[in-house]
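Peer 1: Have a look at the structure that comes next, please.
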Amino acid sequence: MTSTQTMQRPPAEVRYADELARLRDADTAPRPPGWALSLDAARKFVVGDEKRGVVKKFVGDPSLVDRALVTLATSRGLMLVGEPGTAKSLLSELIAAAVCGESTLTIQGGAATTEDQIKYSWNYALLVSEGPSPRSLVPAPMLRGMAEGKIVRFEEITRCPLEVQDCMLSMLSDRVMAIGELSGPDGMVFAQDGFNVIATANTRDRGVNEMSAALKRRFNFETVFPIADFDTELALVEQEAAKLLERSGVELAPRRDVLEVLVRTFRDLREGGDRLTTVMSTAEAVSVAHAVGLRGWFLRGEVGSAADVVECLAGTAAKDNAEDLARLRRYLEQHASRRKGAQWQELHRARHLLPG
């Protein structure tokens with residue numbers, strides 16, 4: 001068994017290597033400098049192309065993908081914003097894999113993120129013995145992306161301190177990184193064709209570390225919205241949950257009627273009058289569906305039930321606010337009982353399984 005087969009989640013360029021190869025072989029359209037695929041082929045990789053056997057990977061507005069790709073062909077970075085769980089990170093990964101064949105040049109933003117993790121650091125053993133030199137330099141994602149002409153992904157950029165964010169200004173505007181410790185040609189890294197940045201930010205994080213106006217001007221902003229259509233969201237949850245369950249050793253596919261209850265519950269708690277403060281996203285629904293299937297299979301040797309949904313929902317609902325657990329209980333008592341179907345009645349009967 002290869003290491004790829006045992007990876008919990010291989011990167012997009014590994015998972016879909018065959019599709020990328022087919023698209024490259026058939027791609028005759030003009031490509032932006034440094035790109036592995038044309039805009040048309042990259043779009044097909046993300047939104048799917050049945051004729052070429054390319055599956056649809058992003059459920060959303062195809063025009064958003066078009067605008068994102070056009071932005072990356074310019075000198076502006078791409079900023080994807082939206083509610084948590086709307087597949088911003090997945091979209092950035094897919095686009096990076098299509099544009100440059102590599103999606104792993106990633107910076108994870110957070111309060112502890114430093115400039116070294118963005119630009120470069122040093123091998124201190126070599127630094128002490130030899131002094132600053134290209135050999136002792138340890139490139140971080142931005143330096144590698146610029147030098148190799150690759151897309152760099154910056155996740156949760158607004159979670160970084162403002163001064164750390166702004167270290168990217170010259171890299172995005174002048175397309176150059178100065179390495180002050182080195183002299184001569186080694187002290188300047190100029191961006192090669194194909195380099196650009198895809199950043200993501202959650203709308204719920206706005207105000208944590210608001211981006212400076214100068215940095216905002218270096219990006220085009222695109223909003224990724226939640227899935228509007230129930231059937232589309234249900235199909236996506238069913239598809240992704242089935243993949244996760246199969247990889248987890250579960251031999252039974254999730255029941256569609258149980259998933260219908262789960263997805264409808266999520267949508268009601270996300271959009272209804274008794275909305276939860278916690279994130280009830282499609283990504284969370286997939287996680288709960290996975291947990292429901294695992295619970296049913298490994299505890300009882302059967303497919304998960306609506307009662308398992310209640311058990312698994314508790315940890316999702318009570319993340320941010322204790323009041324959310326009360327809202328969930330109220331939903332199960334007042335709304336689930338009025339819906340038709342055996343699974344809804346089982347959901348209502350299992351309300352006592354909520355903690356507290």
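In the structure tokens, chains take the letters A, B, ... in the order shown, each chain's residues start at 1, and ligands count up from 1 in the order shown.
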Write out as a PDB file with N, CA and C atoms, in the first residue's frame which residues come within 9 Å of Val224 of chain A when counting only C-alpha atoms, dropping same-chain ones fewer than 6 positions away.
Peer 2:
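And here's selection38.pdb as it stands now:
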ATOM      1  N   GLY A  60     -21.269  25.780  -6.793  1.00  0.00           N
ATOM      2  CA  GLY A  60     -21.442  27.216  -6.627  1.00  0.00           C
ATOM      3  C   GLY A  60     -21.607  27.870  -7.975  1.00  0.00           C
ATOM      4  N   ASP A  61     -21.561  29.176  -7.985  1.00  0.00           N
ATOM      5  CA  ASP A  61     -21.765  29.954  -9.192  1.00  0.00           C
ATOM      6  C   ASP A  61     -20.556  29.816 -10.123  1.00  0.00           C
ATOM      7  N   LEU A  64     -18.400  32.863 -10.666  1.00  0.00           N
ATOM      8  CA  LEU A  64     -17.425  33.167  -9.618  1.00  0.00           C
ATOM      9  C   LEU A  64     -16.077  32.557  -9.974  1.00  0.00           C
ATOM     10  N   LEU A  80     -11.068  35.516  -1.302  1.00  0.00           N
ATOM     11  CA  LEU A  80     -12.347  34.822  -1.199  1.00  0.00           C
ATOM     12  C   LEU A  80     -12.900  35.031   0.197  1.00  0.00           C
ATOM     13  N   VAL A  81     -14.060  35.652   0.299  1.00  0.00           N
ATOM     14  CA  VAL A  81     -14.671  35.905   1.606  1.00  0.00           C
ATOM     15  C   VAL A  81     -16.036  35.230   1.651  1.00  0.00           C
ATOM     16  N   GLY A  82     -16.513  34.961   2.857  1.00  0.00           N
ATOM     17  CA  GLY A  82     -17.824  34.341   3.013  1.00  0.00           C
ATOM     18  C   GLY A  82     -17.959  33.716   4.377  1.00  0.00           C
ATOM     19  N   GLU A  83     -19.146  33.182   4.631  1.00  0.00           N
ATOM     20  CA  GLU A  83     -19.400  32.486   5.895  1.00  0.00           C
ATOM     21  C   GLU A  83     -18.498  31.265   6.021  1.00  0.00           C
ATOM     22  N   THR A  86     -18.238  27.515   3.581  1.00  0.00           N
ATOM     23  CA  THR A  86     -18.795  27.703   2.230  1.00  0.00           C
ATOM     24  C   THR A  86     -17.819  27.268   1.140  1.00  0.00           C
ATOM     25  N   ALA A  87     -16.811  26.492   1.487  1.00  0.00           N
ATOM     26  CA  ALA A  87     -15.866  25.881   0.539  1.00  0.00           C
ATOM     27  C   ALA A  87     -14.888  26.879  -0.059  1.00  0.00           C
ATOM     28  N   LYS A  88     -14.557  27.928   0.677  1.00  0.00           N
ATOM     29  CA  LYS A  88     -13.550  28.877   0.194  1.00  0.00           C
ATOM     30  C   LYS A  88     -12.190  28.196   0.061  1.00  0.00           C
TER      31      LYS A  88
END
Peer 1: Pick out each residue of segment 76-184 of chain A that DSSP on the backbone tags as strand (DSSP E); I need them as a list in words.
Peer 2: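 Taking segment 76-184 of chain A and keeping strand (DSSP E) only, one gets Gly77, Leu78, Met79, Leu80, Val81, Gly82, Thr106, Ile107, Gln108, Tyr120, Ser121, Trp122, Leu137, Val138, Pro139, Ile151, Val152, Arg153, Phe154, Glu155, Val176, Met177 and Ala178 of chain A.
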Peer 1: Go ahead and save the residues from that selection, with N, CA and C atoms, as an mmCIF file, in the first residue's frame.
Peer 2:
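This went into selection-v3.cif:
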data_model
loop_
_atom_site.group_PDB
_atom_site.id
_atom_site.type_symbol
_atom_site.label_atom_id
_atom_site.label_comp_id
_atom_site.auth_asym_id
_atom_site.auth_seq_id
_atom_site.Cartn_x
_atom_site.Cartn_y
_atom_site.Cartn_z
ATOM 1 N N GLY A 77 -4.108 40.040 -6.410
ATOM 2 C CA GLY A 77 -4.404 38.795 -5.740
ATOM 3 C C GLY A 77 -5.902 38.573 -5.675
ATOM 4 N N LEU A 78 -6.286 37.357 -5.289
ATOM 5 C CA LEU A 78 -7.697 36.987 -5.181
ATOM 6 C C LEU A 78 -8.045 36.786 -3.708
ATOM 7 N N MET A 79 -9.078 37.475 -3.248
ATOM 8 C CA MET A 79 -9.555 37.332 -1.874
ATOM 9 C C MET A 79 -10.934 36.690 -1.895
ATOM 10 N N LEU A 80 -11.068 35.516 -1.302
ATOM 11 C CA LEU A 80 -12.347 34.822 -1.199
ATOM 12 C C LEU A 80 -12.900 35.031 0.197
ATOM 13 N N VAL A 81 -14.060 35.652 0.299
ATOM 14 C CA VAL A 81 -14.671 35.905 1.606
ATOM 15 C C VAL A 81 -16.036 35.230 1.651
ATOM 16 N N GLY A 82 -16.513 34.961 2.857
ATOM 17 C CA GLY A 82 -17.824 34.341 3.013
ATOM 18 C C GLY A 82 -17.959 33.716 4.377
ATOM 19 N N THR A 106 0.966 26.789 1.197
ATOM 20 C CA THR A 106 -0.127 27.337 1.992
ATOM 21 C C THR A 106 0.389 27.958 3.277
ATOM 22 N N ILE A 107 -0.147 29.132 3.600
ATOM 23 C CA ILE A 107 0.114 29.805 4.871
ATOM 24 C C ILE A 107 -1.186 29.762 5.664
ATOM 25 N N GLN A 108 -1.133 29.258 6.877
ATOM 26 C CA GLN A 108 -2.319 29.229 7.731
ATOM 27 C C GLN A 108 -2.260 30.414 8.680
ATOM 28 N N TYR A 120 10.516 33.822 4.743
ATOM 29 C CA TYR A 120 11.662 32.915 4.822
ATOM 30 C C TYR A 120 12.196 32.899 6.254
ATOM 31 N N SER A 121 12.967 31.867 6.565
ATOM 32 C CA SER A 121 13.673 31.789 7.844
ATOM 33 C C SER A 121 15.068 31.249 7.554
ATOM 34 N N TRP A 122 15.768 30.824 8.626
ATOM 35 C CA TRP A 122 17.158 30.401 8.447
ATOM 36 C C TRP A 122 17.420 29.076 9.140
ATOM 37 N N LEU A 137 19.455 29.646 3.836
ATOM 38 C CA LEU A 137 18.102 30.221 3.729
ATOM 39 C C LEU A 137 17.064 29.107 3.662
ATOM 40 N N VAL A 138 15.981 29.245 4.430
ATOM 41 C CA VAL A 138 14.873 28.283 4.400
ATOM 42 C C VAL A 138 13.655 28.999 3.832
ATOM 43 N N PRO A 139 13.303 28.730 2.585
ATOM 44 C CA PRO A 139 12.193 29.473 1.971
ATOM 45 C C PRO A 139 10.844 29.083 2.555
ATOM 46 N N ILE A 151 1.151 29.547 -7.368
ATOM 47 C CA ILE A 151 0.102 30.179 -6.577
ATOM 48 C C ILE A 151 0.346 29.896 -5.099
ATOM 49 N N VAL A 152 0.250 30.939 -4.272
ATOM 50 C CA VAL A 152 0.365 30.796 -2.822
ATOM 51 C C VAL A 152 -1.014 30.992 -2.209
ATOM 52 N N ARG A 153 -1.408 30.087 -1.326
ATOM 53 C CA ARG A 153 -2.700 30.183 -0.642
ATOM 54 C C ARG A 153 -2.478 30.704 0.779
ATOM 55 N N PHE A 154 -3.227 31.745 1.135
ATOM 56 C CA PHE A 154 -3.117 32.335 2.473
ATOM 57 C C PHE A 154 -4.471 32.172 3.146
ATOM 58 N N GLU A 155 -4.585 31.170 4.022
ATOM 59 C CA GLU A 155 -5.853 30.868 4.683
ATOM 60 C C GLU A 155 -6.061 31.764 5.905
ATOM 61 N N VAL A 176 8.369 41.723 -5.798
ATOM 62 C CA VAL A 176 9.748 41.468 -5.414
ATOM 63 C C VAL A 176 9.809 41.285 -3.900
ATOM 64 N N MET A 177 10.722 40.427 -3.440
ATOM 65 C CA MET A 177 10.969 40.234 -2.021
ATOM 66 C C MET A 177 12.439 40.519 -1.744
ATOM 67 N N ALA A 178 12.691 41.444 -0.832
ATOM 68 C CA ALA A 178 14.064 41.765 -0.457
ATOM 69 C C ALA A 178 14.491 40.879 0.719
#
Peer 1: If you count only C-alpha atoms, which residues fall within 8 Å of segment 31-45 of chain A, apart from same-chain ones fewer than 2 positions away, as a PyMOL selection string?
Peer 2: chain A and resi 19-20+23-24+27+29+47-49+54-57+65-66+69-70+73+94-95+98-101+149+192-195
Peer 1: Determine the nearest neighbour of Ala317 of chain A from the options A:Ala96, A:Ala336, A:Val288, A:Ala68, counting only C-alpha atoms.
Peer 2: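 Among A:Ala96, A:Ala336, A:Val288, A:Ala68, it is A:Val288 that comes nearest to Ala317 of chain A.
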Peer 1: Tell me, in Å to one decimal, how far atom CA of Ser92 of chain A is from atom CA of Val14 of chain A.
Peer 2: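 Spanning atom CA of Ser92 of chain A to atom CA of Val14 of chain A is a straight-line distance of 15.3 Å.
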